[in-house]
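Below: run-v5.txt (compact mmCIF, C-alpha atoms)
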```txt
# COMPACT_ATOMS: atom_id res chain seq x y z
CA MET A 21 -20.43 -18.62 7.67
CA ASN A 22 -23.24 -20.22 5.70
CA ALA A 23 -26.51 -18.79 4.44
CA LYS A 24 -29.41 -20.14 2.46
CA SER A 25 -31.15 -18.84 -0.62
CA ALA A 26 -34.22 -20.10 -2.41
CA MET A 27 -34.21 -21.81 -5.80
CA ASN A 28 -36.88 -23.13 -8.10
CA ASP A 29 -37.23 -26.54 -6.53
CA ILE A 30 -37.75 -27.83 -3.05
CA ALA A 31 -34.04 -27.72 -2.22
CA VAL A 32 -32.41 -24.51 -1.10
CA THR A 33 -29.02 -23.27 -2.20
CA HIS A 34 -26.38 -22.92 0.47
CA LEU A 35 -24.08 -19.93 0.09
CA SER A 36 -20.84 -19.25 1.93
CA ALA A 37 -19.23 -16.00 2.98
CA THR A 38 -16.46 -14.95 5.34
CA ASP A 39 -18.75 -12.89 7.57
CA GLU A 40 -22.20 -11.27 7.66
CA SER A 41 -21.06 -8.13 5.82
CA ALA A 42 -19.74 -10.22 2.95
CA ALA A 43 -22.89 -12.32 2.99
CA LEU A 44 -25.03 -9.19 2.73
CA GLU A 45 -23.07 -7.93 -0.25
CA GLN A 46 -23.40 -11.33 -1.88
CA LEU A 47 -27.18 -11.35 -1.43
CA HIS A 48 -27.42 -7.83 -2.87
CA GLU A 49 -25.29 -8.84 -5.87
CA LEU A 50 -27.41 -11.94 -6.49
CA GLY A 51 -30.56 -9.80 -6.58
CA CYS A 52 -31.99 -11.58 -3.55
CA THR A 53 -32.83 -8.42 -1.59
CA ASP A 54 -35.27 -5.55 -2.00
CA GLY A 55 -32.34 -3.14 -2.06
CA LEU A 56 -32.28 -2.64 1.70
CA PRO A 57 -30.06 -4.58 4.09
CA VAL A 58 -31.46 -7.93 5.17
CA ILE A 59 -30.87 -10.22 8.11
CA ILE A 60 -28.57 -12.98 6.88
CA PRO A 61 -30.61 -16.21 6.71
CA THR A 62 -28.12 -18.45 8.43
CA PRO A 63 -29.11 -22.12 8.80
CA GLU A 64 -29.63 -21.56 12.55
CA ARG A 65 -31.96 -18.58 12.09
CA VAL A 66 -33.91 -20.34 9.35
CA ALA A 67 -34.22 -23.49 11.47
CA ARG A 68 -35.67 -21.45 14.33
CA MET A 69 -38.21 -19.84 12.02
CA VAL A 70 -39.15 -23.26 10.59
CA LEU A 71 -39.50 -24.64 14.12
CA ALA A 72 -41.83 -21.81 15.05
CA SER A 73 -44.03 -22.56 12.03
CA GLY A 74 -44.88 -25.98 13.44
CA TYR A 75 -44.47 -27.55 9.99
CA ASP A 76 -41.84 -29.61 8.24
CA ALA A 77 -39.29 -27.56 6.34
CA GLU A 78 -40.05 -29.37 3.08
CA LEU A 79 -43.82 -28.90 3.21
CA ALA A 80 -44.75 -27.20 -0.07
CA LEU A 81 -47.46 -24.52 0.06
CA GLY A 82 -47.56 -24.22 -3.73
CA SER A 83 -45.64 -22.58 -6.53
CA MET A 84 -45.13 -18.87 -6.99
CA GLY A 85 -45.16 -17.28 -10.43
CA PRO A 86 -43.86 -16.07 -12.70
CA GLY A 87 -40.72 -18.10 -11.96
CA GLY A 88 -42.66 -21.05 -10.61
CA GLY A 89 -40.53 -21.52 -7.50
CA VAL A 90 -41.84 -23.92 -4.89
CA ALA A 91 -42.85 -22.11 -1.71
CA SER A 92 -41.76 -24.56 0.95
CA ILE A 93 -41.93 -23.74 4.63
CA GLU A 94 -38.15 -23.45 4.65
CA LYS A 95 -38.05 -20.99 1.77
CA VAL A 96 -40.76 -18.85 3.30
CA ALA A 97 -38.82 -18.98 6.56
CA ILE A 98 -35.75 -17.70 4.70
CA ALA A 99 -37.79 -14.74 3.46
CA ALA A 100 -39.13 -14.10 6.95
CA VAL A 101 -35.64 -14.14 8.47
CA MET A 102 -34.28 -11.84 5.76
CA ALA A 103 -37.18 -9.43 6.29
CA GLY A 104 -36.47 -9.12 10.00
CA CYS A 105 -39.50 -11.01 11.30
CA LYS A 106 -39.74 -12.34 14.83
CA THR A 107 -40.67 -16.00 14.95
CA ASP A 108 -44.02 -14.83 16.38
CA TYR A 109 -44.95 -13.39 12.99
CA MET A 110 -44.46 -16.61 11.04
CA PRO A 111 -48.15 -17.69 11.07
CA ILE A 112 -49.12 -14.41 9.41
CA VAL A 113 -46.32 -14.64 6.85
CA LEU A 114 -47.39 -18.18 5.96
CA ALA A 115 -51.02 -17.11 5.63
CA ALA A 116 -50.02 -14.24 3.34
CA VAL A 117 -48.02 -16.58 1.11
CA ARG A 118 -50.89 -19.08 1.01
CA ALA A 119 -53.25 -16.24 0.04
CA VAL A 120 -51.19 -15.01 -2.91
CA ILE A 121 -50.70 -18.58 -4.15
CA ASP A 122 -54.49 -19.04 -4.39
CA PRO A 123 -55.30 -19.19 -8.13
CA GLN A 124 -57.91 -16.46 -7.69
CA PHE A 125 -55.10 -14.04 -6.92
CA ASP A 126 -53.44 -14.43 -10.36
CA LEU A 127 -49.98 -14.10 -8.84
CA THR A 128 -48.07 -14.89 -12.02
CA GLU A 129 -49.82 -12.23 -14.04
CA MET A 130 -49.86 -9.78 -11.16
CA GLN A 131 -46.11 -10.04 -10.64
CA ALA A 132 -45.46 -9.56 -14.35
CA THR A 133 -47.80 -6.66 -15.08
CA THR A 134 -46.69 -3.17 -16.01
CA HIS A 135 -49.19 -1.84 -13.43
CA CYS A 136 -47.85 -0.79 -10.03
CA THR A 137 -49.95 -3.25 -7.99
CA ALA A 138 -48.59 -4.65 -4.72
CA PRO A 139 -50.15 -7.11 -2.27
CA LEU A 140 -51.80 -5.27 0.60
CA ILE A 141 -52.00 -7.56 3.64
CA ILE A 142 -54.97 -6.89 5.94
CA VAL A 143 -54.82 -8.77 9.23
CA ASN A 144 -57.95 -9.52 11.24
CA GLY A 145 -58.74 -11.34 14.46
CA PRO A 146 -56.81 -12.24 17.61
CA ALA A 147 -53.58 -12.92 15.71
CA ARG A 148 -53.19 -9.15 15.38
CA HIS A 149 -52.17 -9.28 19.03
CA SER A 150 -50.66 -12.74 19.49
CA CYS A 151 -48.57 -12.67 16.29
CA GLY A 152 -47.70 -9.01 16.34
CA PRO A 153 -48.90 -6.66 17.61
CA ILE A 154 -49.97 -5.50 14.16
CA ALA A 155 -50.42 -1.74 14.08
CA CYS A 156 -53.98 -0.73 13.25
CA SER A 157 -54.16 2.93 14.22
CA PHE A 158 -52.07 6.07 13.66
CA GLY A 159 -49.52 5.57 10.89
CA ALA A 160 -50.25 1.87 10.49
CA LEU A 161 -49.02 1.92 6.88
CA GLY A 162 -45.97 4.01 7.70
CA PRO A 163 -42.65 3.38 9.40
CA GLY A 164 -42.15 2.40 13.01
CA PHE A 165 -43.95 -0.91 13.41
CA ARG A 166 -41.76 -3.98 13.12
CA PRO A 167 -44.57 -6.52 12.59
CA ASN A 168 -46.24 -4.53 9.79
CA ALA A 169 -42.90 -3.66 8.21
CA SER A 170 -41.32 -7.10 8.32
CA ILE A 171 -44.39 -9.22 7.52
CA GLY A 172 -45.11 -7.26 4.36
CA ARG A 173 -41.44 -7.33 3.48
CA ALA A 174 -41.27 -11.09 3.99
CA LEU A 175 -44.04 -11.57 1.44
CA ARG A 176 -42.20 -9.31 -1.01
CA LEU A 177 -38.92 -11.18 -0.53
CA ALA A 178 -40.78 -14.45 -1.14
CA MET A 179 -42.24 -12.96 -4.31
CA ILE A 180 -38.73 -11.96 -5.41
CA ASN A 181 -36.75 -15.05 -4.43
CA ILE A 182 -39.35 -17.80 -4.78
CA GLY A 183 -41.61 -16.17 -7.39
CA GLY A 184 -38.70 -14.83 -9.39
CA ALA A 185 -39.97 -11.26 -9.71
CA LYS A 186 -37.06 -9.12 -10.87
CA PRO A 187 -37.64 -5.52 -12.02
CA GLY A 188 -37.49 -5.04 -15.76
CA VAL A 189 -37.08 -8.75 -16.44
CA SER A 190 -40.02 -10.57 -14.91
CA ASP A 191 -41.64 -7.83 -12.80
CA MET A 192 -42.51 -5.29 -15.47
CA ALA A 193 -44.08 -2.63 -13.22
CA LEU A 194 -43.28 0.63 -14.96
CA LEU A 195 -42.56 2.40 -11.66
CA GLY A 196 -44.04 0.27 -8.91
CA HIS A 197 -44.88 1.99 -5.64
CA PRO A 198 -43.43 2.06 -2.13
CA GLY A 199 -45.93 -0.56 -0.96
CA LYS A 200 -43.87 -3.05 -2.94
CA PHE A 201 -41.36 -2.94 -0.09
CA THR A 202 -44.00 -3.68 2.52
CA TYR A 203 -47.76 -3.15 2.69
CA CYS A 204 -49.42 -4.55 5.80
CA LEU A 205 -51.88 -3.31 8.40
CA GLY A 206 -54.47 -4.61 10.81
CA GLU A 207 -58.09 -3.57 11.13
CA ASP A 208 -58.81 -1.56 14.26
CA GLU A 209 -61.59 -3.94 15.24
CA GLU A 210 -61.78 -2.90 18.89
CA ASN A 211 -62.66 0.70 18.02
CA SER A 212 -64.65 0.19 14.85
CA PRO A 213 -68.42 0.64 14.64
CA LEU A 214 -68.37 -2.03 11.93
CA PRO A 215 -67.96 -5.77 12.49
CA PRO A 216 -64.51 -6.94 11.36
CA LEU A 217 -63.79 -7.34 7.66
CA HIS A 218 -63.23 -11.09 7.83
CA SER A 219 -66.70 -11.64 9.30
CA ALA A 220 -68.06 -10.39 5.98
CA ARG A 221 -65.81 -12.81 4.09
CA GLY A 222 -66.95 -16.13 5.51
CA PHE A 223 -65.09 -16.21 8.82
CA SER A 224 -66.10 -15.88 12.43
CA PRO A 225 -64.90 -12.79 14.33
CA GLU A 226 -62.94 -15.17 16.60
CA ASP A 227 -60.96 -16.45 13.62
CA SER A 228 -57.74 -14.82 12.56
CA THR A 229 -57.26 -14.12 8.88
CA VAL A 230 -55.14 -12.47 6.29
CA THR A 231 -56.85 -10.78 3.37
CA VAL A 232 -54.53 -10.04 0.48
CA ILE A 233 -55.46 -7.75 -2.36
CA GLY A 234 -53.35 -6.42 -5.19
CA ALA A 235 -53.53 -2.70 -4.58
CA GLU A 236 -52.23 0.62 -5.78
CA ALA A 237 -50.58 2.93 -3.31
CA PRO A 238 -53.05 4.45 -0.86
CA HIS A 239 -54.88 7.50 -2.18
CA SER A 240 -55.88 10.00 0.47
CA VAL A 241 -59.54 11.05 0.60
CA MET A 242 -60.16 14.26 2.53
CA PHE A 243 -63.50 14.82 4.21
CA SER A 244 -64.69 16.93 7.13
CA GLY A 245 -67.99 15.81 8.59
CA ASP A 246 -70.76 18.19 9.64
CA ALA A 247 -73.15 16.83 12.25
CA ASP A 248 -75.67 19.55 11.38
CA ASN A 249 -75.80 18.58 7.72
CA PRO A 250 -77.88 15.49 6.96
CA GLU A 251 -76.16 15.23 3.57
CA SER A 252 -72.78 14.84 5.20
CA PRO A 253 -72.67 11.00 4.98
CA ASN A 254 -73.61 11.17 1.30
CA ALA A 255 -70.84 13.67 0.64
CA LEU A 256 -68.36 11.30 2.28
CA LEU A 257 -69.59 8.42 0.13
CA ASP A 258 -69.27 10.66 -2.94
CA VAL A 259 -65.61 11.49 -2.35
CA LEU A 260 -64.74 7.91 -1.44
CA ALA A 261 -66.28 6.67 -4.69
CA ILE A 262 -64.40 9.34 -6.67
CA GLY A 263 -61.14 8.16 -5.15
CA LEU A 264 -61.96 4.50 -5.67
CA ALA A 265 -62.87 4.64 -9.31
CA ASN A 266 -62.10 7.97 -10.94
CA LEU A 267 -61.58 7.87 -14.70
CA ALA A 268 -57.81 7.54 -14.33
CA THR A 269 -58.11 4.21 -12.52
CA ASN A 270 -58.08 0.71 -13.93
CA ASN A 271 -61.19 0.10 -11.82
CA ALA A 272 -63.18 2.63 -13.87
CA ILE A 273 -61.91 1.60 -17.28
CA LEU A 274 -61.05 -2.11 -17.14
CA ARG A 275 -63.70 -2.73 -14.46
CA GLY A 276 -64.60 -5.84 -12.53
CA GLY A 277 -61.82 -5.93 -9.94
CA ASN A 278 -61.65 -5.29 -6.22
CA ALA A 279 -60.64 -2.17 -4.32
CA VAL A 280 -60.12 -1.16 -0.72
CA VAL A 281 -61.58 1.59 1.45
CA VAL A 282 -59.78 2.19 4.74
CA LEU A 283 -62.06 4.43 6.77
CA ASN A 284 -60.53 6.41 9.58
CA PRO A 285 -62.50 6.29 12.87
CA ASP A 286 -64.19 9.65 12.28
CA HIS A 287 -65.37 8.71 8.83
CA ALA A 288 -66.47 5.25 9.96
CA ASN A 289 -68.56 6.88 12.66
CA VAL A 290 -70.12 9.37 10.23
CA LEU A 291 -71.38 6.47 8.13
CA ALA A 292 -72.34 4.24 11.05
CA GLY A 293 -74.08 7.20 12.68
CA ALA A 294 -76.23 7.52 9.57
CA GLY A 295 -77.35 3.93 10.08
CA LEU A 296 -75.13 2.41 7.42
CA ASP A 297 -73.65 -1.01 8.05
CA ARG A 298 -70.84 -2.46 5.91
CA ALA A 299 -73.21 -3.85 3.30
CA ALA A 300 -74.97 -0.50 2.96
CA ILE A 301 -71.66 1.34 2.64
CA GLN A 302 -70.51 -1.12 -0.01
CA GLN A 303 -73.78 -0.78 -1.89
CA ALA A 304 -73.65 3.02 -1.81
CA LEU A 305 -70.08 3.00 -3.15
CA PHE A 306 -70.97 0.38 -5.75
CA GLU A 307 -73.78 2.57 -7.07
CA ARG A 308 -71.62 5.69 -7.15
CA ALA A 309 -68.62 4.06 -8.84
CA ALA A 310 -69.92 4.30 -12.40
CA HIS A 311 -69.21 6.42 -15.46
CA PRO A 312 -71.12 7.29 -18.62
CA VAL A 313 -69.81 5.40 -21.62
CA GLU A 314 -69.05 8.63 -23.46
CA ASP A 315 -66.79 9.80 -20.63
CA MET A 316 -64.92 6.50 -20.65
CA MET A 317 -64.52 6.58 -24.41
CA ARG A 318 -63.24 10.15 -24.28
CA VAL A 319 -60.35 9.36 -21.97
CA ALA A 320 -59.61 5.74 -22.82
CA PRO A 321 -61.07 4.77 -26.19
CA GLY A 322 -58.62 1.95 -26.80
CA LEU A 323 -59.15 0.36 -23.41
CA ALA A 324 -62.77 1.13 -22.59
CA SER A 325 -63.89 -0.19 -25.98
CA ARG A 326 -62.97 -3.66 -24.80
CA SER A 327 -66.34 -3.66 -23.06
CA LYS A 328 -68.66 -5.55 -25.37
CA ASP A 329 -71.99 -5.53 -23.61
CA GLY A 330 -73.27 -2.63 -25.69
CA GLU A 331 -75.08 -0.99 -22.80
CA GLN A 332 -75.34 2.77 -22.84
CA ALA A 333 -76.13 3.20 -19.16
CA PRO A 334 -73.24 4.29 -16.95
CA LYS A 335 -70.85 1.43 -16.55
CA ARG A 336 -70.17 0.27 -13.03
CA ALA A 337 -66.59 -0.15 -11.92
CA PHE A 338 -67.44 -3.18 -9.77
CA ARG A 339 -69.31 -6.39 -10.51
CA GLN A 340 -70.90 -6.43 -7.09
CA ALA A 341 -70.89 -4.40 -3.90
CA ASP A 342 -68.91 -7.08 -2.06
CA ASP A 343 -65.95 -6.45 -4.36
CA ILE A 344 -65.27 -3.25 -2.43
CA LEU A 345 -63.42 -4.14 0.79
CA VAL A 346 -64.33 -1.75 3.60
CA LEU A 347 -62.44 -1.67 6.88
CA MET A 348 -61.49 0.79 9.61
CA ALA A 349 -57.89 1.61 10.47
CA GLY A 350 -55.69 4.60 11.10
CA GLY A 351 -55.89 7.59 13.38
CA SER A 352 -58.77 9.99 13.85
CA GLY A 353 -58.94 12.99 11.52
CA LEU A 354 -59.76 14.24 8.04
CA TYR A 355 -58.26 11.50 5.91
CA SER A 356 -59.37 8.07 4.86
CA MET A 357 -57.53 6.01 2.26
CA VAL A 358 -58.67 4.20 -0.85
CA MET A 359 -56.66 1.72 -2.88
CA PRO A 360 -57.79 1.10 -6.45
CA SER A 361 -56.49 -2.06 -8.08
CA TRP A 362 -55.17 -3.57 -11.28
CA CYS A 363 -58.40 -5.28 -12.44
CA ALA A 364 -56.72 -7.66 -14.87
CA GLY A 365 -55.56 -11.27 -14.94
CA PRO A 366 -57.80 -14.28 -15.60
CA ASN A 367 -59.54 -13.82 -12.22
CA LYS A 368 -59.21 -10.05 -12.05
CA ASN A 369 -56.48 -10.41 -9.40
CA SER A 370 -59.21 -11.13 -6.86
CA ALA A 371 -58.78 -10.48 -3.15
CA VAL A 372 -58.25 -13.67 -1.13
CA THR A 373 -58.90 -14.25 2.57
CA VAL A 374 -57.30 -17.21 4.36
CA ALA A 375 -57.15 -18.32 7.98
CA ILE A 376 -54.02 -17.72 10.03
CA GLU A 377 -53.22 -21.10 11.50
CA ILE A 378 -52.26 -20.11 15.00
CA ASP A 379 -52.77 -23.63 16.36
CA GLN A 380 -49.74 -24.83 14.42
CA PHE A 381 -47.46 -22.17 15.83
CA CYS A 382 -44.74 -23.49 18.08
CA GLU A 383 -43.58 -21.01 20.67
CA VAL A 384 -39.93 -21.61 21.31
CA PRO A 385 -38.75 -20.31 24.70
CA GLY A 386 -36.17 -17.60 24.36
CA MET A 387 -36.56 -17.38 20.65
CA SER A 388 -39.53 -15.15 20.07
CA SER A 389 -37.39 -12.04 19.83
CA ASN A 390 -35.03 -13.46 17.23
CA MET B 1 -45.66 -14.72 -24.45
CA ARG B 2 -47.64 -17.10 -22.28
CA ASP B 3 -50.33 -17.29 -24.94
CA GLY B 4 -47.68 -18.45 -27.41
CA ILE B 5 -46.41 -21.02 -24.95
CA ASN B 6 -49.87 -22.28 -24.04
CA ILE B 7 -50.90 -22.60 -27.68
CA ALA B 8 -47.64 -24.37 -28.57
CA LYS B 9 -48.18 -26.77 -25.69
CA ARG B 10 -51.49 -27.71 -27.30
CA GLY B 11 -49.60 -28.71 -30.41
CA ILE B 12 -50.58 -25.69 -32.48
CA PRO B 13 -47.72 -23.80 -34.14
CA ALA B 14 -47.49 -20.37 -32.56
CA VAL B 15 -45.26 -17.33 -32.68
CA ALA B 16 -45.20 -14.77 -29.89
CA LEU B 17 -44.66 -11.15 -30.88
CA VAL B 18 -42.55 -9.51 -28.20
CA THR B 19 -41.62 -5.85 -28.12
CA GLU B 20 -38.04 -4.80 -27.60
CA ASP B 21 -38.55 -3.69 -23.99
CA PHE B 22 -40.24 -6.95 -23.06
CA TRP B 23 -37.71 -9.26 -24.74
CA PRO B 24 -35.95 -10.15 -21.45
CA GLN B 25 -39.30 -10.91 -19.85
CA GLY B 26 -40.12 -13.13 -22.81
CA ASP B 27 -36.92 -15.07 -22.23
CA PHE B 28 -37.72 -15.37 -18.51
CA VAL B 29 -41.25 -16.62 -19.11
CA ALA B 30 -40.16 -19.05 -21.83
CA GLU B 31 -37.51 -20.46 -19.50
CA SER B 32 -39.88 -20.62 -16.52
CA PHE B 33 -42.52 -22.51 -18.44
CA GLY B 34 -40.05 -25.02 -19.78
CA MET B 35 -40.06 -23.89 -23.43
CA PRO B 36 -36.95 -21.77 -23.79
CA ASP B 37 -37.02 -22.14 -27.58
CA VAL B 38 -40.67 -21.24 -28.13
CA PRO B 39 -40.74 -19.15 -31.34
CA ARG B 40 -40.85 -15.42 -30.88
CA VAL B 41 -40.29 -12.39 -33.05
CA ARG B 42 -38.97 -9.07 -31.84
CA ILE B 43 -40.96 -5.94 -32.69
CA PRO B 44 -40.34 -2.27 -31.81
CA HIS B 45 -41.51 -0.77 -28.53
CA PRO B 46 -43.98 0.75 -27.97
CA ILE B 47 -46.48 -0.71 -30.40
CA ALA B 48 -49.81 -0.13 -28.62
CA GLY B 49 -51.24 3.24 -29.55
CA SER B 50 -48.52 3.96 -32.08
CA GLY B 51 -51.02 4.59 -34.87
CA ASP B 52 -52.49 2.58 -37.69
CA ALA B 53 -49.84 3.57 -40.23
CA ASN B 54 -46.99 2.60 -37.94
CA MET B 55 -48.57 -0.72 -37.06
CA ARG B 56 -48.99 -1.56 -40.74
CA ARG B 57 -45.36 -0.62 -41.37
CA VAL B 58 -44.19 -2.83 -38.51
CA ALA B 59 -46.45 -5.66 -39.68
CA GLU B 60 -44.97 -5.55 -43.16
CA GLN B 61 -41.49 -5.64 -41.71
CA VAL B 62 -42.04 -8.61 -39.44
CA VAL B 63 -44.32 -10.82 -41.55
CA PRO B 64 -41.37 -12.65 -43.17
CA ALA B 65 -39.89 -13.35 -39.75
CA ILE B 66 -43.25 -14.63 -38.47
CA ILE B 67 -43.59 -16.96 -41.46
CA ASP B 68 -40.03 -18.21 -41.02
CA ALA B 69 -40.68 -18.86 -37.33
CA LEU B 70 -43.88 -20.74 -38.15
CA LYS B 71 -42.06 -22.88 -40.68
CA GLN B 72 -39.52 -23.81 -38.06
CA ALA B 73 -41.98 -24.16 -35.23
CA HIS B 74 -42.11 -27.63 -33.84
CA VAL B 75 -43.83 -28.80 -30.75
CA PRO B 76 -41.93 -31.29 -28.63
CA PRO B 77 -44.20 -34.31 -28.10
CA GLN B 78 -43.60 -34.25 -24.36
CA ASN B 79 -45.21 -30.83 -24.20
CA LEU B 80 -48.41 -31.83 -25.94
```
Show me the file's structure as structure tokens.
Amino acid sequence: MNAKSAMNDIAVTHLSATDESAALEQLHELGCTDGLPVIIPTPERVARMVLASGYDAELALGSMGPGGGVASIEKVAIAAVMAGCKTDYMPIVLAAVRAVIDPQFDLTEMQATTHCTAPLIIVNGPARHSCGPIACSFGALGPGFRPNASIGRALRLAMINIGGAKPGVSDMALLGHPGKFTYCLGEDEENSPLPPLHSARGFSPEDSTVTVIGAEAPHSVMFSGDADNPESPNALLDVLAIGLANLATNNAILRGGNAVVVLNPDHANVLAGAGLDRAAIQQALFERAAHPVEDMMRVAPGLASRSKDGEQAPKRAFRQADDILVLMAGGSGLYSMVMPSWCAGPNKNSAVTVAIEIDQFCEVPGMSSN
Amino acid sequence: MRDGINIAKRGIPAVALVTEDFWPQGDFVAESFGMPDVPRVRIPHPIAGSGDANMRRVAEQVVPAIIDALKQAHVPPQNL
């Protein structure tokens, strides 16, 4: 049998093996997997995935650092096949790759850093249904959902095999985190009191988008609302801000990056019930995410001293309120999630939102389940 | 490492200081950016936060190697 693997130019390398088991062992030995078994990217499977994309196999989306491999449609299709994607998911995988290639994302530096950062893929709009369904509610970041699991994994395999990220050689994450296997969820737009995230990032609610942000593992934020206590929404904002930018985070010390707040439905309703829209929530978190200079210097003198503005007022973790991404996902209960970020790279590893090009998708009868 | 490569590509002699643990990454980056022979000098790991006295000791040890590397540094015209 034959299989394909990506190289650092537009051409792909064709490998041969006696059967799929031998091919799998070969891919593991070559360092082309994430350590888990993959679907063997046979020429037939890759061709189907390319066909579904609606683009030519050789179309180059850009190069992926630090290795500088060319992300062609065919190579991304190889990653999608290996990850276990249905052809239906290909538009989201392509959007995620286009997002991390955007220079604002600092992919080369992000892949090489010692920090644990991994690309969190947030899916918005109708594609959550037509290209998934992407899980948005209970356990959306956990196991059990093929679209979430395989789309995030496809991006990781592209980062490994096209971008050249190999642990301890070119990906210098000291430990990494489990989101480096896969890290993808949708916003629960239908049940959220807030308008969808992408509508605050220059898109119409009818558009479908992927927002990618380099993120730490999710940090749980526990909060129990009290409808009789008018201070309850403020208490929720307080604990969210502590999670987002406590003094152990890069956000607090290096400052100027993005971060994510994933409100559960209960918490979203506590804030919306207090009359707060997304902008007001972002502003409240922005104002709370700040630390006195003396506190920063006490815990991180060598890093915090890089700040040269000389101000003595508490230093804000974020440049602007919009740098805090706020969305609703997950089940109903006590826990929301926050994801601090790396906050380094020439562009601070900025979050990027791109359209999912559903119009290009080519539905191939009988092939959507492959 | 990339700083060293980017400076060398501008025609300015440069030497990258790379700690022991990051030496393989240095090789990878040098190869990826098309300058596999960009000058670099190996220093102990870790260096950040290892104290002023240690950093001075390391500096004294590696200065001759840095000077040697600078003497040999050449910038291929095609990379200017």
Note to self: Just want the 10 Å neighbourhood of Pro36 of chain B, counted on all atoms listed in the file, with same-chain residues fewer than 5 positions away dropped. Output as a PyMOL selection string.
What the structure shows: chain B and resi 5+26-31
Hey, could you make a per-residue contact list for chain B against chain A with 12 Å as the cut-off, showing the nearest pair of atoms and its distance in Å to one decimal, counting only C-alpha atoms, sorted by chain and number, as a Markdown table?
```
| residue | atom | partner | partner_atom | distance |
| --- | --- | --- | --- | --- |
| B:Met1 | CA | A:Ala132 | CA | 11.3 |
| B:Arg2 | CA | A:Glu129 | CA | 9.8 |
| B:Glu20 | CA | A:Gly188 | CA | 11.9 |
| B:Asp21 | CA | A:Gly188 | CA | 8.4 |
| B:Phe22 | CA | A:Val189 | CA | 7.6 |
| B:Trp23 | CA | A:Val189 | CA | 8.3 |
| B:Pro24 | CA | A:Val189 | CA | 5.3 |
| B:Gln25 | CA | A:Val189 | CA | 4.6 |
| B:Gly26 | CA | A:Ser190 | CA | 8.3 |
| B:Asp27 | CA | A:Val189 | CA | 8.6 |
| B:Phe28 | CA | A:Ser190 | CA | 6.4 |
| B:Val29 | CA | A:Pro86 | CA | 6.9 |
| B:Ala30 | CA | A:Gly87 | CA | 9.9 |
| B:Glu31 | CA | A:Gly87 | CA | 8.5 |
| B:Ser32 | CA | A:Gly87 | CA | 5.3 |
| B:Phe33 | CA | A:Gly88 | CA | 8.0 |
| B:Gly34 | CA | A:Gly88 | CA | 10.3 |
| B:Ala48 | CA | A:Gly322 | CA | 9.2 |
| B:Gly49 | CA | A:Gly322 | CA | 8.0 |
| B:Ser50 | CA | A:Gly322 | CA | 11.6 |
| B:Gly51 | CA | A:Gly322 | CA | 11.4 |
```
Margin query: I need the residue nearest Val63 of chain B from this list: B:Lys9, B:Val41, B:Ala14, B:Pro46. Use all atoms listed in the file for the distance.
Written below: B:Val41
Notebook entry, point to check: If we count only C-alpha atoms, what is near Gly162 of chain A at a cut-off of 10 Å, once residues fewer than 5 positions away on the same chain are taken out, given as a ChimeraX atom specification?
Noted result: /A:155,168-169,199,202-205
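In this structure, atom CA of Phe381 of chain A sits 9.6 Å away from atom CA of Cys151 of chain A.
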Notebook entry, point to check: Can you tell me how far atom CA of Ile12 of chain B sits from atom CA of Met35 of chain B, in Å to one decimal?
Noted result: 14.0 Å
Notebook entry, point to check: What is the atom CA of Phe223 of chain A to atom CA of Val143 of chain A distance in Å?
Noted result: 12.7 Å
Next item on the list: Would you list the contacts of Leu256 of chain A as a list in words, taking every protein, DNA or RNA residue within 12 Å and counting only C-alpha atoms, but skipping same-chain residues closer than 6 positions in sequence?
Entry: Val241, Met242, Phe243, Ser244, Gly245, Asp246, Asn249, Pro250, Ile262, Gly263, Val281, Leu283, Asn284, Asp286, His287, Ala288, Asn289, Val290, Leu291, Ala292, Ala294, Ile301, Ala304, Leu305, Arg308, Leu354, Tyr355 and Ser356 of chain A
Next item on the list: Name the residues in contact with Asp68 of chain B at a cut-off of 12 Å, using only C-alpha atoms, excluding same-chain residues fewer than 4 positions from it; report them as a VMD selection string.
Entry: chain B and resid 13 to 15 39 to 41 62 to 64 72 to 73
Note to self: Show me the residues around (-53.0, 0.1, 12.6) - criterion: an atom at most 12 Å away, all atoms listed in the file counted - as a PyMOL selection string.
What the structure shows: chain A and resi 141-144+148-149+152-169+203-212+282-285+347-352
Margin query: Residues within 12 Å of Gly51 of chain A, please, as a ChimeraX atom specification. Count all atoms listed in the file; anything in the same chain fewer than 3 positions from it doesn't count.
Written below: /A:25-26,44-48,54-58,177,180-181,184-187,189
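Among the candidate residues A:Ala279, A:Ala147, A:Cys382, A:Leu296, the one lying nearest to Lys368 of chain A is A:Ala279, with distances computed using all atoms listed in the file.
Each of A:Ala80, A:Leu195, A:Leu267, A:Met69 was compared to Val117 of chain A using only C-alpha atoms, and A:Ala80 turns out to be the nearest.
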Item checked: Nearest-residue call for Pro44 of chain B, choices B:Ala65, B:Val18, B:Leu70, B:Ala8, using only C-alpha atoms -> B:Val18
Item checked: Exercise: residues within 10 Å of coordinate (-72.7, 4.4, 0.1), counting only C-alpha atoms, as a ChimeraX atom specification -> /A:253-258,260-261,291,296-309,341
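Nearest to Ala42 of chain A of all the residues A:Met84, A:Ala178, A:Ala67, A:Ala23 is A:Ala23, based on all atoms listed in the file.
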